[in-house]
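Here is entry35.cif, consisting of mmCIF, C-alpha atoms and all ligand atoms:
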data_model
#
loop_
_atom_site.label_atom_id
_atom_site.label_comp_id
_atom_site.auth_asym_id
_atom_site.auth_seq_id
_atom_site.Cartn_x
_atom_site.Cartn_y
_atom_site.Cartn_z
CA MET A 801 -40.68 -48.69 63.15
CA SER A 802 -42.97 -51.51 61.94
CA TYR A 803 -46.64 -52.40 62.22
CA VAL A 804 -48.69 -55.49 63.10
CA LEU A 805 -52.29 -56.35 63.73
CA ALA A 806 -52.57 -58.50 66.83
CA LYS A 807 -55.23 -60.41 68.69
CA SER A 808 -55.37 -62.53 71.80
CA GLN A 809 -55.38 -66.32 71.52
CA ASN A 810 -57.17 -66.43 74.86
CA ASP A 811 -60.96 -66.17 74.30
CA ASP A 812 -61.72 -64.56 77.67
CA ILE A 813 -59.12 -61.87 77.12
CA HIS A 814 -60.22 -61.34 73.53
CA ASN A 815 -63.82 -60.82 74.66
CA ALA A 816 -62.87 -58.48 77.49
CA GLY A 817 -60.36 -56.45 75.44
CA GLU A 818 -61.19 -53.15 73.80
CA CYS A 819 -59.95 -54.20 70.34
CA GLY A 820 -58.05 -57.49 70.02
CA GLY A 821 -57.09 -57.84 73.69
CA ALA A 822 -53.44 -57.61 72.58
CA VAL A 823 -52.41 -55.35 75.44
CA THR A 824 -53.85 -57.64 78.12
CA SER A 825 -52.24 -60.64 76.39
CA ILE A 826 -48.82 -59.00 76.37
CA PHE A 827 -49.26 -58.27 80.08
CA LYS A 828 -50.18 -61.93 80.67
CA TYR A 829 -47.07 -63.07 78.84
CA LEU A 830 -44.84 -60.75 80.90
CA LEU A 831 -46.36 -61.84 84.22
CA ASP A 832 -46.47 -65.57 83.44
CA GLU A 833 -42.85 -65.57 82.24
CA GLY A 834 -41.76 -63.67 85.36
CA LEU A 835 -40.33 -60.83 83.26
CA VAL A 836 -42.03 -58.18 85.44
CA ASP A 837 -42.94 -57.88 89.11
CA GLY A 838 -46.29 -56.42 88.16
CA VAL A 839 -48.46 -54.59 85.68
CA LEU A 840 -49.72 -51.06 86.28
CA ALA A 841 -53.08 -50.67 84.53
CA ILE A 842 -56.43 -48.95 85.02
CA LYS A 843 -59.53 -50.77 86.26
CA PRO A 844 -63.03 -49.42 86.83
CA GLY A 845 -63.72 -48.44 90.45
CA ASP A 846 -67.26 -47.66 91.63
CA ASP A 847 -68.42 -47.23 88.03
CA ILE A 848 -67.05 -46.84 84.49
CA TYR A 849 -66.34 -43.13 85.11
CA ASP A 850 -63.98 -44.03 87.89
CA GLY A 851 -60.60 -45.27 86.59
CA VAL A 852 -58.44 -46.63 89.36
CA PRO A 853 -54.73 -47.35 88.86
CA THR A 854 -54.08 -50.92 89.89
CA PHE A 855 -50.86 -52.91 90.34
CA ILE A 856 -51.52 -56.46 89.18
CA THR A 857 -49.15 -59.28 90.09
CA ASP A 858 -51.30 -62.31 89.18
CA SER A 859 -52.25 -62.72 85.51
CA ASP A 860 -55.70 -64.08 86.51
CA ASP A 861 -56.56 -60.55 87.68
CA LEU A 862 -55.75 -58.90 84.32
CA ILE A 863 -59.20 -59.34 82.80
CA GLY A 864 -60.75 -57.00 85.39
CA ALA A 865 -58.60 -54.21 83.94
CA ALA A 866 -59.11 -54.93 80.22
CA GLY A 867 -60.87 -52.37 78.01
CA SER A 868 -60.43 -48.60 77.50
CA TYR A 869 -61.71 -46.11 80.06
CA HIS A 870 -62.13 -42.76 78.34
CA CYS A 871 -63.32 -41.02 81.52
CA ALA A 872 -60.11 -41.94 83.35
CA PRO A 873 -57.55 -39.18 82.86
CA THR A 874 -55.39 -40.80 85.53
CA MET A 875 -51.61 -40.34 85.16
CA VAL A 876 -49.20 -43.14 86.05
CA GLY A 877 -45.67 -41.66 85.79
CA ASN A 878 -45.61 -40.30 89.34
CA ILE A 879 -47.02 -43.57 90.71
CA ILE A 880 -44.03 -45.45 89.27
CA GLN A 881 -41.65 -42.77 90.52
CA LYS A 882 -43.05 -42.74 94.06
CA TYR A 883 -43.97 -46.35 94.69
CA LEU A 884 -42.47 -48.67 92.07
CA TYR A 885 -38.99 -47.25 91.47
CA ASP A 886 -37.17 -50.53 92.14
CA LYS A 887 -39.75 -52.84 90.61
CA LYS A 888 -39.86 -54.25 87.10
CA VAL A 889 -43.11 -52.91 85.73
CA ALA A 890 -45.18 -53.01 82.55
CA VAL A 891 -47.54 -50.08 82.19
CA THR A 892 -50.18 -48.77 79.79
CA VAL A 893 -49.50 -45.19 78.76
CA LYS A 894 -51.49 -42.54 77.00
CA PRO A 895 -49.21 -40.06 75.14
CA CYS A 896 -49.15 -37.63 78.11
CA ASP A 897 -48.34 -40.53 80.48
CA MET A 898 -45.46 -41.54 78.24
CA ARG A 899 -44.24 -37.97 78.05
CA SER A 900 -44.19 -37.69 81.84
CA ILE A 901 -42.37 -41.03 82.17
CA ASP A 902 -39.85 -39.83 79.62
CA GLU A 903 -39.20 -36.64 81.58
CA LEU A 904 -38.91 -38.58 84.85
CA ILE A 905 -36.38 -40.94 83.23
CA LYS A 906 -34.34 -37.88 82.22
CA ARG A 907 -34.47 -36.79 85.88
CA TYR A 908 -33.31 -40.26 87.10
CA LYS A 909 -36.66 -40.78 88.84
CA ILE A 910 -37.68 -43.82 86.80
CA LYS A 911 -35.27 -46.48 85.58
CA LYS A 912 -35.80 -46.96 81.85
CA GLU A 913 -34.43 -50.52 82.01
CA ASN A 914 -37.09 -51.41 84.60
CA ILE A 915 -40.18 -50.62 82.56
CA TYR A 916 -42.08 -51.85 79.54
CA THR A 917 -44.22 -49.07 78.12
CA ILE A 918 -47.35 -50.20 76.29
CA GLY A 919 -48.61 -47.09 74.56
CA LEU A 920 -52.29 -46.41 73.82
CA ASN A 921 -53.07 -43.98 71.03
CA CYS A 922 -55.31 -41.32 72.48
CA GLY A 923 -57.91 -39.06 70.93
CA GLY A 924 -58.57 -37.61 74.39
CA THR A 925 -60.19 -38.24 77.75
CA VAL A 926 -63.42 -36.94 79.25
CA SER A 927 -63.55 -35.76 82.86
CA PRO A 928 -65.66 -38.21 84.92
CA ILE A 929 -67.88 -35.37 86.17
CA THR A 930 -68.39 -33.98 82.67
CA GLY A 931 -69.02 -37.52 81.41
CA ARG A 932 -71.87 -38.11 83.86
CA LYS A 933 -73.39 -34.66 83.23
CA MET A 934 -73.33 -34.91 79.43
CA ILE A 935 -74.88 -38.38 79.50
CA GLU A 936 -77.81 -37.01 81.50
CA LEU A 937 -78.19 -33.95 79.30
CA TYR A 938 -77.50 -35.15 75.77
CA TYR A 939 -78.32 -38.86 75.93
CA ASP A 940 -81.25 -38.54 78.32
CA VAL A 941 -79.92 -41.52 80.23
CA ASP A 942 -79.12 -42.14 83.89
CA PRO A 943 -75.28 -42.37 83.91
CA ASP A 944 -75.54 -45.35 86.26
CA ASP A 945 -77.40 -47.30 83.55
CA VAL A 946 -74.38 -47.13 81.22
CA GLU A 947 -72.57 -50.44 80.88
CA SER A 948 -69.64 -49.23 78.78
CA GLU A 949 -68.49 -46.25 76.72
CA GLU A 950 -66.27 -45.85 73.69
CA ILE A 951 -65.05 -43.15 71.34
CA ASP A 952 -65.42 -44.16 67.71
CA LYS A 953 -65.64 -42.30 64.40
CA GLY A 954 -65.94 -38.93 66.11
CA GLN A 955 -68.73 -40.02 68.46
CA PHE A 956 -68.86 -40.63 72.20
CA ILE A 957 -70.92 -43.82 72.31
CA ILE A 958 -72.56 -45.38 75.34
CA GLU A 959 -73.91 -48.88 75.66
CA LEU A 960 -76.76 -49.39 78.11
CA LYS A 961 -77.36 -52.38 80.33
CA ASP A 962 -80.11 -53.58 77.95
CA GLY A 963 -77.61 -53.64 75.03
CA THR A 964 -78.82 -50.51 73.21
CA GLU A 965 -76.29 -47.96 72.01
CA LYS A 966 -76.50 -44.19 71.79
CA GLY A 967 -73.91 -41.90 70.24
CA VAL A 968 -73.45 -38.13 70.04
CA LYS A 969 -70.83 -36.34 67.92
CA ILE A 970 -67.93 -35.21 70.10
CA HIS A 971 -67.72 -31.98 68.12
CA ASP A 972 -71.33 -31.13 69.06
CA LEU A 973 -70.68 -31.91 72.72
CA GLU A 974 -67.56 -29.77 72.70
CA MET A 975 -69.34 -26.81 71.14
CA GLU A 976 -71.52 -26.86 74.28
CA GLY A 977 -68.59 -27.11 76.70
CA TYR A 978 -68.77 -30.90 77.20
CA GLY A 979 -66.79 -33.72 75.56
CA ARG A 980 -63.04 -34.09 75.95
CA ARG A 981 -61.03 -32.19 78.54
CA ASN A 982 -59.65 -28.85 77.32
CA ASN A 983 -56.02 -29.99 77.27
CA CYS A 984 -56.99 -33.11 75.29
CA GLN A 985 -58.77 -30.98 72.70
CA ARG A 986 -55.59 -29.01 72.01
CA CYS A 987 -53.16 -31.96 72.41
CA ASP A 988 -51.31 -32.77 69.20
CA VAL A 989 -49.49 -35.90 70.40
CA LYS A 990 -51.92 -38.68 69.56
CA ILE A 991 -49.61 -41.69 69.20
CA PRO A 992 -47.05 -42.35 71.96
CA ARG A 993 -44.09 -43.09 69.70
CA ASN A 994 -41.54 -43.05 72.51
CA ALA A 995 -43.31 -46.01 74.15
CA ASN A 996 -42.01 -49.49 73.22
CA ILE A 997 -45.22 -50.10 71.28
CA ALA A 998 -48.25 -47.92 70.48
CA CYS A 999 -51.62 -49.70 70.31
CA GLY A 1000 -54.92 -48.54 68.94
CA ASN A 1001 -58.00 -49.07 66.85
CA TRP A 1002 -56.97 -46.70 64.05
CA GLY A 1003 -56.12 -48.88 61.04
CA SER A 1004 -57.30 -52.07 62.75
CA GLN A 1005 -59.97 -54.59 61.77
CA ASP A 1006 -62.78 -55.65 64.08
CA GLY A 1007 -61.38 -57.84 66.84
CA TRP A 1008 -57.74 -56.83 66.22
CA THR A 1009 -55.41 -54.29 67.79
CA PHE A 1010 -53.20 -52.21 65.51
CA ILE A 1011 -49.68 -52.06 66.96
CA GLU A 1012 -46.85 -49.75 65.98
CA ILE A 1013 -43.56 -51.28 67.15
CA ASN A 1014 -41.25 -48.44 68.08
CA ASP A 1015 -38.07 -50.10 69.31
CA GLU A 1016 -36.22 -53.36 69.97
CA LYS A 1017 -37.90 -53.89 73.32
CA GLY A 1018 -41.26 -53.50 71.61
CA GLN A 1019 -40.32 -56.13 69.03
CA GLU A 1020 -39.25 -58.49 71.85
CA LEU A 1021 -42.66 -58.04 73.47
CA ILE A 1022 -44.52 -59.03 70.33
CA ASP A 1023 -42.19 -61.95 69.53
CA GLY A 1024 -42.28 -63.18 73.13
CA ALA A 1025 -46.08 -63.08 73.39
CA LYS A 1026 -46.36 -64.84 70.02
CA ASN A 1027 -43.90 -67.56 70.98
CA ALA A 1028 -45.75 -68.07 74.26
CA GLY A 1029 -48.87 -68.82 72.17
CA ILE A 1030 -50.95 -65.97 73.62
CA LEU A 1031 -50.83 -63.59 70.66
CA GLU A 1032 -51.60 -63.99 66.97
CA THR A 1033 -50.32 -61.38 64.53
CA LYS A 1034 -50.61 -60.52 60.86
CA SER A 1035 -49.44 -57.65 58.70
CA PRO A 1036 -51.84 -54.77 58.15
CA ALA A 1037 -52.67 -53.91 54.54
CA ASP A 1038 -50.98 -50.78 53.17
CA PRO A 1039 -54.27 -48.79 52.93
CA ALA A 1040 -54.87 -49.48 56.65
CA VAL A 1041 -51.44 -48.12 57.55
CA GLU A 1042 -52.03 -45.06 55.37
CA GLY A 1043 -55.56 -44.58 56.73
CA ARG A 1044 -54.25 -44.62 60.29
CA LEU A 1045 -51.67 -41.94 59.51
CA LYS A 1046 -54.36 -39.91 57.78
CA VAL A 1047 -56.62 -40.01 60.86
CA GLU A 1048 -53.66 -39.03 63.03
CA GLY A 1049 -53.02 -36.08 60.71
CA ILE A 1050 -56.66 -34.96 60.90
CA MET A 1051 -56.64 -35.19 64.70
CA LYS A 1052 -53.46 -33.12 64.88
CA LYS A 1053 -54.94 -30.49 62.58
CA MET A 1054 -58.06 -30.31 64.74
CA ALA A 1055 -55.83 -29.84 67.78
CA SER A 1056 -53.88 -26.98 66.23
CA LYS A 1057 -57.14 -25.32 65.22
CA VAL A 1058 -58.32 -25.55 68.82
CA GLN A 1059 -54.99 -24.10 69.98
CA SER A 1060 -55.39 -21.03 67.82
CA VAL A 1061 -59.17 -20.49 67.88
CA LYS A 1062 -60.79 -21.96 70.93
CA TYR A 1063 -58.17 -21.16 73.54
CA PRO A 1064 -56.71 -17.79 72.62
CA LEU A 1065 -54.05 -16.28 74.80
CA VAL A 1066 -55.21 -15.57 78.34
CA SER A 1067 -53.90 -12.92 80.67
CA GLU A 1068 -51.86 -14.89 83.19
CA MET A 1069 -52.01 -12.24 85.90
CA ASP A 1070 -55.80 -12.05 85.85
CA GLU A 1071 -55.97 -15.81 86.15
CA TRP A 1072 -53.24 -16.19 88.80
CA ASN A 1073 -54.86 -13.52 90.99
CA ARG A 1074 -57.58 -16.02 91.86
CA CYS A 1075 -55.03 -18.48 93.29
CA ILE A 1076 -55.62 -19.40 96.96
CA GLY A 1077 -52.28 -21.18 97.38
CA CYS A 1078 -53.62 -24.69 98.00
CA TYR A 1079 -50.72 -26.11 95.93
CA ALA A 1080 -52.96 -28.87 94.57
CA CYS A 1081 -51.61 -28.13 91.06
CA ARG A 1082 -48.07 -28.78 92.27
CA ASP A 1083 -49.00 -31.88 94.22
CA ILE A 1084 -50.86 -33.55 91.32
CA CYS A 1085 -48.24 -32.66 88.69
CA PRO A 1086 -46.66 -35.84 87.30
CA ILE A 1087 -43.37 -34.06 86.68
CA CYS A 1088 -42.97 -32.26 90.04
CA TRP A 1089 -40.94 -34.86 91.90
CA CYS A 1090 -38.82 -32.85 94.34
CA CYS A 1091 -41.70 -32.06 96.73
CA GLU A 1092 -39.68 -32.40 99.94
CA ASN A 1093 -37.10 -29.95 98.57
CA CYS A 1094 -39.58 -27.69 96.83
CA GLU A 1095 -38.76 -23.99 96.99
CA LEU A 1096 -42.42 -23.36 97.77
CA ASN A 1097 -42.02 -25.15 101.13
CA LYS A 1098 -39.14 -22.91 102.19
CA ASP A 1099 -39.62 -20.36 105.00
CA TYR A 1100 -39.48 -17.40 102.65
CA PHE A 1101 -42.60 -18.70 100.88
CA THR A 1102 -44.58 -19.45 104.04
CA LEU A 1103 -47.90 -17.69 103.83
CA GLU A 1104 -49.78 -15.71 106.44
CA GLU A 1105 -52.97 -17.48 107.44
CA ASN A 1106 -55.75 -16.91 104.89
CA SER A 1107 -53.50 -14.97 102.54
CA SER A 1108 -53.00 -15.81 98.90
CA PRO A 1109 -49.51 -16.35 97.57
CA ASP A 1110 -47.98 -13.57 95.58
CA PRO A 1111 -48.90 -14.84 92.13
CA LEU A 1112 -45.58 -13.77 90.72
CA ALA A 1113 -43.61 -15.61 93.35
CA PHE A 1114 -45.65 -18.82 93.42
CA GLN A 1115 -46.51 -19.12 89.77
CA GLY A 1116 -43.17 -17.67 88.73
CA VAL A 1117 -41.41 -20.61 90.40
CA ARG A 1118 -43.85 -23.06 88.83
CA LEU A 1119 -43.63 -21.43 85.41
CA SER A 1120 -39.85 -21.45 85.40
CA HIS A 1121 -39.94 -25.22 85.84
CA MET A 1122 -42.97 -26.05 83.75
CA SER A 1123 -41.79 -24.21 80.64
CA PHE A 1124 -39.47 -27.13 79.90
CA SER A 1125 -41.37 -29.86 81.72
CA CYS A 1126 -45.12 -29.54 81.15
CA VAL A 1127 -46.59 -32.49 79.25
CA ASP A 1128 -50.03 -30.88 79.10
CA CYS A 1129 -51.78 -33.70 80.98
CA GLY A 1130 -54.31 -31.20 82.36
CA GLN A 1131 -54.38 -32.62 85.88
CA CYS A 1132 -53.62 -29.16 87.35
CA ASP A 1133 -56.83 -27.87 85.71
CA ASP A 1134 -58.75 -30.88 87.06
CA VAL A 1135 -57.82 -30.15 90.67
CA CYS A 1136 -57.77 -26.33 90.74
CA PRO A 1137 -60.60 -25.23 93.08
CA MET A 1138 -60.54 -21.73 91.50
CA ASP A 1139 -60.88 -22.98 87.90
CA ILE A 1140 -57.63 -21.37 86.80
CA PRO A 1141 -56.66 -22.79 83.38
CA VAL A 1142 -53.23 -23.68 84.72
CA SER A 1143 -52.25 -26.11 81.99
CA LEU A 1144 -53.22 -23.66 79.27
CA ILE A 1145 -50.81 -21.09 80.68
CA PHE A 1146 -48.02 -23.66 81.00
CA ASP A 1147 -48.71 -24.97 77.51
CA LYS A 1148 -48.51 -21.47 76.11
CA LEU A 1149 -45.11 -21.01 77.70
CA GLN A 1150 -43.99 -24.47 76.57
CA LYS A 1151 -44.80 -23.44 73.00
CA LYS A 1152 -42.71 -20.27 73.35
CA TYR A 1153 -39.90 -22.35 74.81
CA TYR A 1154 -40.17 -24.71 71.83
CA GLU A 1155 -39.87 -21.79 69.40
CA ARG A 1156 -36.61 -20.75 71.08
CA THR A 1157 -35.05 -24.14 71.79
CA GLY A 1158 -36.80 -26.77 69.68
CA TYR A 1159 -37.45 -28.80 72.86
CA VAL A 1160 -40.81 -30.41 73.63
CA ALA A 1161 -41.13 -32.10 77.02
CA GLY A 1162 -41.48 -35.85 76.74
CA VAL A 1163 -41.29 -35.78 72.95
CA SER A 1164 -37.74 -34.65 72.20
CA ASP A 1165 -35.44 -37.68 72.40
CA ASP A 1166 -33.09 -38.58 75.22
CA VAL A 1167 -31.54 -35.09 75.53
CA LYS A 1168 -32.03 -33.12 78.74
CA PRO A 1169 -34.16 -29.96 78.58
CA PRO A 1170 -31.93 -27.00 77.66
CA LEU A 1171 -32.54 -25.17 80.97
CA TYR A 1172 -32.27 -28.24 83.19
CA SER A 1173 -29.87 -27.36 85.99
CA PRO A 1174 -26.84 -29.55 86.77
CA GLU A 1175 -27.61 -29.06 90.50
CA LYS A 1176 -30.94 -30.86 90.01
CA THR A 1177 -29.11 -33.75 88.36
CA GLU A 1178 -26.91 -34.09 91.46
CA LEU A 1179 -29.90 -33.82 93.78
P1 LIG B 1 -56.95 -54.27 76.12
O1 LIG B 1 -56.44 -55.67 76.10
O2 LIG B 1 -58.39 -54.04 76.30
O3 LIG B 1 -56.14 -53.51 77.27
C1 LIG B 1 -56.29 -52.13 77.47
C2 LIG B 1 -55.41 -51.71 78.62
O4 LIG B 1 -55.49 -50.31 78.75
C3 LIG B 1 -55.86 -52.29 79.95
O5 LIG B 1 -54.75 -52.80 80.62
C4 LIG B 1 -56.44 -51.10 80.71
O6 LIG B 1 -56.24 -51.19 82.10
C5 LIG B 1 -55.66 -49.95 80.13
N1 LIG B 1 -56.40 -48.69 80.18
C6 LIG B 1 -57.74 -48.51 80.03
N2 LIG B 1 -58.06 -47.23 80.15
C7 LIG B 1 -56.91 -46.58 80.38
C8 LIG B 1 -56.60 -45.21 80.61
N3 LIG B 1 -57.54 -44.27 80.62
N4 LIG B 1 -55.31 -44.87 80.84
C9 LIG B 1 -54.33 -45.81 80.84
N5 LIG B 1 -54.58 -47.13 80.64
C10 LIG B 1 -55.85 -47.51 80.40
N6 LIG B 1 -56.82 -45.84 69.88
C11 LIG B 1 -56.86 -45.25 68.67
O7 LIG B 1 -56.38 -45.82 67.69
N7 LIG B 1 -57.40 -43.98 68.53
C12 LIG B 1 -57.89 -43.28 69.59
O8 LIG B 1 -58.38 -42.15 69.43
C13 LIG B 1 -57.81 -43.87 70.88
N8 LIG B 1 -58.22 -43.16 71.97
C14 LIG B 1 -58.09 -43.74 73.21
C15 LIG B 1 -58.40 -42.98 74.34
C16 LIG B 1 -58.25 -43.52 75.62
C17 LIG B 1 -58.56 -42.68 76.84
C18 LIG B 1 -57.79 -44.85 75.78
C19 LIG B 1 -57.64 -45.46 77.16
C20 LIG B 1 -57.47 -45.61 74.65
C21 LIG B 1 -57.59 -45.07 73.37
N9 LIG B 1 -57.22 -45.77 72.22
C22 LIG B 1 -57.28 -45.19 70.98
C23 LIG B 1 -56.65 -47.14 72.35
C24 LIG B 1 -57.70 -48.24 72.19
O9 LIG B 1 -58.93 -47.87 72.76
C25 LIG B 1 -57.24 -49.55 72.88
O10 LIG B 1 -56.87 -49.27 74.22
C26 LIG B 1 -56.03 -50.17 72.20
O11 LIG B 1 -56.32 -50.44 70.85
C27 LIG B 1 -55.65 -51.51 72.86
O12 LIG B 1 -56.69 -52.43 72.67
P2 LIG B 1 -56.56 -53.88 73.29
O13 LIG B 1 -57.83 -54.62 73.05
O14 LIG B 1 -55.29 -54.50 72.80
O15 LIG B 1 -56.41 -53.51 74.85
#
Rewrite the structure from the file as structure tokens, please.
Ligand code: FAD
Amino acid sequence: MSYVLAKSQNDDIHNAGECGGAVTSIFKYLLDEGLVDGVLAIKPGDDIYDGVPTFITDSDDLIGAAGSYHCAPTMVGNIIQKYLYDKKVAVTVKPCDMRSIDELIKRYKIKKENIYTIGLNCGGTVSPITGRKMIELYYDVDPDDVESEEIDKGQFIIELKDGTEKGVKIHDLEMEGYGRRNNCQRCDVKIPRNANIACGNWGSQDGWTFIEINDEKGQELIDGAKNAGILETKSPADPAVEGRLKVEGIMKKMASKVQSVKYPLVSEMDEWNRCIGCYACRDICPICWCCENCELNKDYFTLEENSSPDPLAFQGVRLSHMSFSCVDCGQCDDVCPMDIPVSLIFDKLQKKYYERTGYVAGVSDDVKPPLYSPEKTEL
């Protein structure tokens, strides 16, 4: 592992980028050199709360997707698996994205050799709906007047169209039930170290991106973009490297405090009893790939009209898979119409599974999960 500070040599990209525009520059290098068929990134849709996954094949279109969208908890692993399996792709990944990609590689659903993974450190995402509500309530601002948002030094900061900035401490927002999504608050994987590189603002200087180079492919990316004249790099000072690790440590400590204090154990049965069997949690899950062969579609699971699934049968099947697969992305919570804290229950089980086996989905290296069935491998 090694570290560099990097910034774009292209002024437009540098201005549009969140930090040094390094990520967009690396994408430009990959597209212009024909090393990838396309780039999978996030661009704003109707507004800045609406993060839309976009597949970019022309480097002139990259600028529209530069910047960080903190209200875009969109996952990309299942998009690659479903639609881009045979393409050469470069993709930005939050830690949970990278974890899901890692698990899908282990299941032969994504070809590792086909993808470049550009990791983004992540302190957490805010649900778009929560984002709009909290801006109205705590910033006294019409959410549509917000030009951009950022998370910096523990604050969620908005910039208005007239250039003024307003910030509120994330901790204060979270005490009132706003701020980052619940799974992000308890997430203790803040730097995606199994991505080729991990980029962020921790440890960086103004106008630069701090990059942790995690493997050979990551080093090739940096060298290639430098040689193509699109990226400038320099070494970070030792205190910056140490400071970054310190912030990571603090964030992880905060997460484990949240795990033990804010989200105590819930009674699964009470929660599952509200389930109406819409299967949205299964359908959105970035790890659930075998939908057409899913046990839950078999005749013996077919439900009477208007009846709820037997929670033990439905959630039992899900739990048995998720214990070794859940990457705690929280999308199942986002889509549950009955507000069941699905990811919390899976995460709880994942932690028990870790105690027994030492395995953490999408974090433990190349090995297969201990309960992964050989039949699935054949399938
Ligand atoms: P740019 O050149 O601006 O490129 C950024 C790329 O990220 C673009 O391609 C864009 O499409 C893509 N992107 C934007 N939003 C998302 C998203 N939600 N999901 C996936 N891809 C996206 N760094 C830290 O050091 N500490 C943090 O706590 C931290 N939290 C972050 C939280 C979120 C939700 C995000 C998206 C990023 C976070 N970062 C954090 C990373 C940081 O904000 C920059 O993205 C990183 O430094 C790269 O800067 P850049 O100028 O090189 O990127």
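Note that atom CA of Gly820 of chain A and atom CA of Gly877 of chain A are 25.5 Å apart.
Comparing the minimum interatomic distances between ligand LIG 1 (chain B) and each of A:Pro895, A:Gly963, A:Pro844, A:Gly924, counting all atoms listed in the file, we find that A:Gly924 sits nearest.
The space between atom CA of Glu1032 of chain A and atom CA of Gly1049 of chain A spans 28.6 Å.
Our summary of the geometry notes that atom CA of Asp832 of chain A is positioned 9.5 Å from atom CA of Thr857 of chain A.
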Would you mind listing, for every residue of chain A within 7 Å of ligand LIG 1 (chain B), the two atoms forming the shortest contact and the distance between them in Å to one decimal, using all atoms listed in the file, sorted by chain and ascending residue number, as JSON lines?
{"residue": "A:Ile813", "atom": "CA", "partner": "B:LIG1", "partner_atom": "O1", "distance": 6.8}
{"residue": "A:Ala816", "atom": "CA", "partner": "B:LIG1", "partner_atom": "O2", "distance": 6.4}
{"residue": "A:Gly817", "atom": "CA", "partner": "B:LIG1", "partner_atom": "O2", "distance": 3.2}
{"residue": "A:Glu818", "atom": "CA", "partner": "B:LIG1", "partner_atom": "O13", "distance": 3.7}
{"residue": "A:Cys819", "atom": "CA", "partner": "B:LIG1", "partner_atom": "O13", "distance": 3.5}
{"residue": "A:Gly820", "atom": "CA", "partner": "B:LIG1", "partner_atom": "O13", "distance": 4.2}
{"residue": "A:Gly821", "atom": "CA", "partner": "B:LIG1", "partner_atom": "O1", "distance": 3.3}
{"residue": "A:Ala822", "atom": "CA", "partner": "B:LIG1", "partner_atom": "O14", "distance": 3.6}
{"residue": "A:Val823", "atom": "CA", "partner": "B:LIG1", "partner_atom": "O14", "distance": 4.0}
{"residue": "A:Thr824", "atom": "CA", "partner": "B:LIG1", "partner_atom": "O1", "distance": 3.8}
{"residue": "A:Ser825", "atom": "CA", "partner": "B:LIG1", "partner_atom": "O1", "distance": 6.5}
{"residue": "A:Ala841", "atom": "CA", "partner": "B:LIG1", "partner_atom": "O6", "distance": 4.0}
{"residue": "A:Ile842", "atom": "CA", "partner": "B:LIG1", "partner_atom": "O6", "distance": 3.7}
{"residue": "A:Lys843", "atom": "CA", "partner": "B:LIG1", "partner_atom": "O6", "distance": 5.3}
{"residue": "A:Gly851", "atom": "CA", "partner": "B:LIG1", "partner_atom": "N3", "distance": 6.8}
{"residue": "A:Ala865", "atom": "CA", "partner": "B:LIG1", "partner_atom": "O6", "distance": 4.3}
{"residue": "A:Ala866", "atom": "CA", "partner": "B:LIG1", "partner_atom": "O2", "distance": 4.1}
{"residue": "A:Gly867", "atom": "CA", "partner": "B:LIG1", "partner_atom": "O2", "distance": 3.4}
{"residue": "A:Ser868", "atom": "CA", "partner": "B:LIG1", "partner_atom": "C6", "distance": 3.7}
{"residue": "A:Tyr869", "atom": "CA", "partner": "B:LIG1", "partner_atom": "N2", "distance": 3.8}
{"residue": "A:His870", "atom": "CA", "partner": "B:LIG1", "partner_atom": "C17", "distance": 3.9}
{"residue": "A:Cys871", "atom": "CA", "partner": "B:LIG1", "partner_atom": "N3", "distance": 6.7}
{"residue": "A:Ala872", "atom": "CA", "partner": "B:LIG1", "partner_atom": "N3", "distance": 4.4}
{"residue": "A:Pro873", "atom": "CA", "partner": "B:LIG1", "partner_atom": "N3", "distance": 5.6}
{"residue": "A:Thr874", "atom": "CA", "partner": "B:LIG1", "partner_atom": "N4", "distance": 6.2}
{"residue": "A:Thr892", "atom": "CA", "partner": "B:LIG1", "partner_atom": "N5", "distance": 4.8}
{"residue": "A:Val893", "atom": "CA", "partner": "B:LIG1", "partner_atom": "C9", "distance": 5.3}
{"residue": "A:Lys894", "atom": "CA", "partner": "B:LIG1", "partner_atom": "C9", "distance": 5.8}
{"residue": "A:Leu920", "atom": "CA", "partner": "B:LIG1", "partner_atom": "C23", "distance": 4.7}
{"residue": "A:Asn921", "atom": "CA", "partner": "B:LIG1", "partner_atom": "N6", "distance": 4.3}
{"residue": "A:Cys922", "atom": "CA", "partner": "B:LIG1", "partner_atom": "N8", "distance": 3.5}
{"residue": "A:Gly923", "atom": "CA", "partner": "B:LIG1", "partner_atom": "O8", "distance": 3.5}
{"residue": "A:Gly924", "atom": "CA", "partner": "B:LIG1", "partner_atom": "C15", "distance": 5.4}
{"residue": "A:Thr925", "atom": "CA", "partner": "B:LIG1", "partner_atom": "C17", "distance": 4.8}
{"residue": "A:Ile951", "atom": "CA", "partner": "B:LIG1", "partner_atom": "N8", "distance": 6.9}
{"residue": "A:Cys999", "atom": "CA", "partner": "B:LIG1", "partner_atom": "O11", "distance": 4.8}
{"residue": "A:Gly1000", "atom": "CA", "partner": "B:LIG1", "partner_atom": "O11", "distance": 3.0}
{"residue": "A:Asn1001", "atom": "CA", "partner": "B:LIG1", "partner_atom": "O7", "distance": 3.7}
{"residue": "A:Trp1002", "atom": "CA", "partner": "B:LIG1", "partner_atom": "O7", "distance": 3.8}
{"residue": "A:Thr1009", "atom": "CA", "partner": "B:LIG1", "partner_atom": "O11", "distance": 5.0}
{"residue": "A:Phe1010", "atom": "CA", "partner": "B:LIG1", "partner_atom": "O11", "distance": 6.4}
Margin query: Please list as JSON, numbers by chain every residue within 7 Å of Val891 of chain A, counting all atoms listed in the file and excluding residues in the same chain fewer than 3 positions away.
Written below: {"A": [839, 840, 841, 916, 917, 918]}
